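Asker: So I've got this file, target-v3.pdb, and it contains PDB, C-alpha atoms and all ligand atoms:
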ATOM      1  CA  MET J 444     134.918 -48.858 388.027  1.00  0.00           C
ATOM      2  CA  SER J 445     137.928 -47.126 389.561  1.00  0.00           C
ATOM      3  CA  GLY J 446     136.713 -48.027 393.050  1.00  0.00           C
ATOM      4  CA  TYR J 447     137.034 -51.762 392.391  1.00  0.00           C
ATOM      5  CA  ASP J 448     139.027 -53.347 395.224  1.00  0.00           C
ATOM      6  CA  GLY J 449     138.398 -57.055 394.675  1.00  0.00           C
ATOM      7  CA  GLU J 450     140.996 -59.628 393.702  1.00  0.00           C
ATOM      8  CA  ASP J 451     139.898 -60.492 390.172  1.00  0.00           C
ATOM      9  CA  PHE J 452     139.165 -57.434 388.075  1.00  0.00           C
ATOM     10  CA  TYR J 453     139.008 -59.560 384.919  1.00  0.00           C
ATOM     11  CA  CYS J 454     136.276 -62.021 385.978  1.00  0.00           C
ATOM     12  CA  ASP J 455     134.404 -59.400 388.000  1.00  0.00           C
ATOM     13  CA  VAL J 456     134.538 -56.363 385.711  1.00  0.00           C
ATOM     14  CA  ALA J 457     136.417 -56.617 382.408  1.00  0.00           C
ATOM     15  CA  ILE J 458     135.141 -59.902 380.935  1.00  0.00           C
ATOM     16  CA  PRO J 459     131.446 -59.307 381.861  1.00  0.00           C
ATOM     17  CA  ARG J 460     131.903 -55.693 380.625  1.00  0.00           C
ATOM     18  CA  ARG J 461     130.824 -53.922 383.766  1.00  0.00           C
ATOM     19  CA  GLU J 462     132.762 -50.992 382.368  1.00  0.00           C
ATOM     20  CA  PRO J 463     133.450 -49.986 378.761  1.00  0.00           C
ATOM     21  CA  LEU J 464     136.664 -51.343 377.269  1.00  0.00           C
ATOM     22  CA  ASP J 465     138.760 -50.291 374.317  1.00  0.00           C
ATOM     23  CA  VAL J 466     139.038 -53.777 372.839  1.00  0.00           C
ATOM     24  CA  VAL J 467     141.997 -54.766 370.673  1.00  0.00           C
ATOM     25  CA  PHE J 468     140.980 -58.391 370.129  1.00  0.00           C
ATOM     26  CA  GLU J 469     138.243 -60.661 371.382  1.00  0.00           C
ATOM     27  CA  ASP J 470     136.936 -64.121 370.638  1.00  0.00           C
ATOM     28  CA  ASP J 471     135.352 -66.874 372.743  1.00  0.00           C
ATOM     29  CA  ASP J 472     138.546 -67.585 374.671  1.00  0.00           C
ATOM     30  CA  VAL J 473     140.752 -64.509 374.811  1.00  0.00           C
ATOM     31  CA  LEU J 474     140.221 -60.781 375.390  1.00  0.00           C
ATOM     32  CA  ALA J 475     142.801 -58.042 374.734  1.00  0.00           C
ATOM     33  CA  TYR J 476     142.075 -54.394 375.518  1.00  0.00           C
ATOM     34  CA  HIS J 477     143.737 -51.128 376.430  1.00  0.00           C
ATOM     35  CA  HIS J 478     144.234 -51.045 380.196  1.00  0.00           C
ATOM     36  CA  THR J 479     141.610 -48.887 381.920  1.00  0.00           C
ATOM     37  CA  ARG J 480     144.249 -47.412 384.277  1.00  0.00           C
ATOM     38  CA  PRO J 481     147.417 -47.653 382.190  1.00  0.00           C
ATOM     39  CA  PHE J 482     150.902 -47.712 383.683  1.00  0.00           C
ATOM     40  CA  TRP J 483     152.504 -46.908 380.317  1.00  0.00           C
ATOM     41  CA  PRO J 484     151.380 -44.705 377.385  1.00  0.00           C
ATOM     42  CA  VAL J 485     150.681 -47.883 375.422  1.00  0.00           C
ATOM     43  CA  HIS J 486     149.363 -50.608 377.722  1.00  0.00           C
ATOM     44  CA  VAL J 487     147.322 -53.539 376.486  1.00  0.00           C
ATOM     45  CA  VAL J 488     146.347 -56.496 378.676  1.00  0.00           C
ATOM     46  CA  VAL J 489     145.660 -59.929 377.228  1.00  0.00           C
ATOM     47  CA  VAL J 490     143.585 -62.323 379.354  1.00  0.00           C
ATOM     48  CA  PRO J 491     141.979 -65.727 378.985  1.00  0.00           C
ATOM     49  CA  LYS J 492     138.185 -65.347 379.358  1.00  0.00           C
ATOM     50  CA  ARG J 493     138.058 -68.528 381.427  1.00  0.00           C
ATOM     51  CA  HIS J 494     139.515 -68.045 384.894  1.00  0.00           C
ATOM     52  CA  VAL J 495     143.178 -69.052 385.198  1.00  0.00           C
ATOM     53  CA  ASP J 496     144.999 -68.036 388.394  1.00  0.00           C
ATOM     54  CA  SER J 497     148.334 -67.127 386.822  1.00  0.00           C
ATOM     55  CA  LEU J 498     150.851 -68.171 384.201  1.00  0.00           C
ATOM     56  CA  LEU J 499     151.838 -71.063 386.471  1.00  0.00           C
ATOM     57  CA  ALA J 500     148.279 -72.418 386.419  1.00  0.00           C
ATOM     58  CA  LEU J 501     147.933 -72.274 382.636  1.00  0.00           C
ATOM     59  CA  ASP J 502     147.824 -75.988 381.877  1.00  0.00           C
ATOM     60  CA  ASP J 503     145.523 -76.169 378.845  1.00  0.00           C
ATOM     61  CA  PRO J 504     147.863 -76.366 375.829  1.00  0.00           C
ATOM     62  CA  ASP J 505     145.215 -75.132 373.368  1.00  0.00           C
ATOM     63  CA  LEU J 506     144.431 -72.091 375.485  1.00  0.00           C
ATOM     64  CA  ALA J 507     148.149 -71.478 376.100  1.00  0.00           C
ATOM     65  CA  GLN J 508     148.865 -71.540 372.389  1.00  0.00           C
ATOM     66  CA  HIS J 509     145.923 -69.329 371.545  1.00  0.00           C
ATOM     67  CA  LEU J 510     146.718 -66.816 374.286  1.00  0.00           C
ATOM     68  CA  LEU J 511     150.339 -66.646 373.185  1.00  0.00           C
ATOM     69  CA  ARG J 512     149.255 -66.103 369.602  1.00  0.00           C
ATOM     70  CA  VAL J 513     147.114 -63.129 370.649  1.00  0.00           C
ATOM     71  CA  VAL J 514     150.017 -61.772 372.756  1.00  0.00           C
ATOM     72  CA  GLN J 515     152.250 -62.181 369.726  1.00  0.00           C
ATOM     73  CA  ARG J 516     149.882 -60.322 367.395  1.00  0.00           C
ATOM     74  CA  THR J 517     149.325 -57.550 369.950  1.00  0.00           C
ATOM     75  CA  ALA J 518     153.087 -57.150 370.485  1.00  0.00           C
ATOM     76  CA  GLU J 519     153.652 -57.121 366.732  1.00  0.00           C
ATOM     77  CA  SER J 520     151.152 -54.312 366.310  1.00  0.00           C
ATOM     78  CA  VAL J 521     152.568 -52.263 369.234  1.00  0.00           C
ATOM     79  CA  LEU J 522     156.078 -52.824 367.879  1.00  0.00           C
ATOM     80  CA  SER J 523     155.227 -51.684 364.379  1.00  0.00           C
ATOM     81  CA  GLU J 524     153.401 -48.613 365.673  1.00  0.00           C
ATOM     82  CA  HIS J 525     155.852 -47.542 368.393  1.00  0.00           C
ATOM     83  CA  GLY J 526     159.177 -49.190 367.535  1.00  0.00           C
ATOM     84  CA  ALA J 527     159.502 -50.960 370.902  1.00  0.00           C
ATOM     85  CA  ALA J 528     157.392 -53.292 373.014  1.00  0.00           C
ATOM     86  CA  SER J 529     157.669 -55.277 376.218  1.00  0.00           C
ATOM     87  CA  VAL J 530     155.670 -58.367 377.190  1.00  0.00           C
ATOM     88  CA  MET J 531     155.334 -59.474 380.795  1.00  0.00           C
ATOM     89  CA  THR J 532     153.154 -61.165 383.360  1.00  0.00           C
ATOM     90  CA  ASN J 533     153.404 -60.885 387.134  1.00  0.00           C
ATOM     91  CA  LEU J 534     153.395 -63.561 389.810  1.00  0.00           C
ATOM     92  CA  GLY J 535     152.995 -63.689 393.586  1.00  0.00           C
ATOM     93  CA  ALA J 536     153.172 -60.344 395.337  1.00  0.00           C
ATOM     94  CA  TYR J 537     153.714 -58.614 391.969  1.00  0.00           C
ATOM     95  CA  GLN J 538     150.387 -59.916 390.635  1.00  0.00           C
ATOM     96  CA  ASP J 539     147.741 -57.306 391.426  1.00  0.00           C
ATOM     97  CA  SER J 540     144.773 -59.236 390.037  1.00  0.00           C
ATOM     98  CA  ARG J 541     144.467 -62.980 390.682  1.00  0.00           C
ATOM     99  CA  HIS J 542     143.665 -63.788 387.071  1.00  0.00           C
ATOM    100  CA  LEU J 543     146.340 -64.438 384.477  1.00  0.00           C
ATOM    101  CA  HIS J 544     146.975 -61.284 382.465  1.00  0.00           C
ATOM    102  CA  VAL J 545     149.802 -60.483 380.100  1.00  0.00           C
ATOM    103  CA  HIS J 546     150.906 -56.870 379.731  1.00  0.00           C
ATOM    104  CA  VAL J 547     152.011 -55.646 376.324  1.00  0.00           C
ATOM    105  CA  ARG J 548     153.377 -52.142 376.707  1.00  0.00           C
ATOM    106  CA  SER J 549     155.516 -49.430 375.211  1.00  0.00           C
ATOM    107  CA  GLY J 550     156.868 -46.070 376.378  1.00  0.00           C
ATOM    108  CA  VAL J 551     158.124 -44.630 379.652  1.00  0.00           C
ATOM    109  CA  PRO J 552     156.084 -45.386 382.804  1.00  0.00           C
ATOM    110  CA  LEU J 553     153.301 -42.893 383.542  1.00  0.00           C
ATOM    111  CA  ALA J 554     153.266 -41.043 386.850  1.00  0.00           C
ATOM    112  CA  ARG J 555     150.454 -42.400 389.039  1.00  0.00           C
ATOM    113  CA  THR J 556     148.429 -40.006 391.094  1.00  0.00           C
ATOM    114  CA  SER J 557     146.416 -42.683 392.885  1.00  0.00           C
TER     115      SER J 557
HETATM  116 ZN    ZN G 601     139.291 -64.655 386.944  1.00  0.00          ZN
END
Can you dump the structure from the file as structure tokens?

Answerer:
Amino acid sequence: MSGYDGEDFYCDVAIPRREPLDVVFEDDDVLAYHHTRPFWPVHVVVVPKRHVDSLLALDDPDLAQHLLRVVQRTAESVLSEHGAASVMTNLGAYQDSRHLHVHVRSGVPLARTS
């Protein structure tokens, strides 16, 4: 759904699977998949399946711990496969989708044509 222009791609498209995803990990609470429009050659996003606005709104300690564990495992796998990994989440004007998502990425940024 490249034409999606809403504010919450995760609740609207990714979590209900309105488009196919290359899933890395999924359980009842957390979903991790290869970004559908990657910014880096290796680009996985990890999201809570329940709506959370951003990292600053993550106030459920169980979910926080679980999410971090999935981020950790994803980063470990990217690191062992590619020798380098970066983990980040955006806030405010940097946050393109208004749903907490953690990027786990590796490699030099891809040129964007759109
Ligand atoms: Zn959401």

Asker: Smallest atom-to-atom distance to ligand ZN 601 (chain G): which of J:Leu543, J:Leu534, J:Val467, J:Leu553, using only C-alpha atoms and all ligand atoms?

Answerer: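 Result for the nearest residue to ligand ZN 601 (chain G): J:Leu543.
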
Asker: For this structure, which residues satisfy the selection - the PyMOL selection byres (((not hetatm)) within 7 of (chain G and resi 601)) - when it is evaluated on the file as given? I want them as number ranges by chain.

Answerer: J: 451, 453-454, 493-496, 541-542

Asker: Given the file above and the PyMOL selection byres (((chain J and resi 456) around 12) and not hetatm), which residues are selected, and can you give them as a ChimeraX atom specification?

Answerer: /J:444-455,457-464,479,492,540,542

Asker: So, with only C-alpha atoms as the atoms that count, which of J:Leu522, J:Ala527, J:Val547, J:Ala500 lies closest to His477 of chain J?

Answerer: J:Val547

Asker: So which residues get picked by the PyMOL selection byres (((chain J and resi 507-521) around 12) and not hetatm) here, written as JSON, numbers by chain?

Answerer: {"J": [466, 467, 468, 469, 470, 471, 472, 473, 474, 475, 476, 477, 484, 485, 486, 487, 488, 489, 490, 491, 492, 493, 495, 497, 498, 499, 500, 501, 502, 503, 504, 505, 506, 522, 523, 524, 525, 526, 527, 528, 529, 530, 531, 532, 543, 544, 545, 546, 547, 548, 549, 550]}
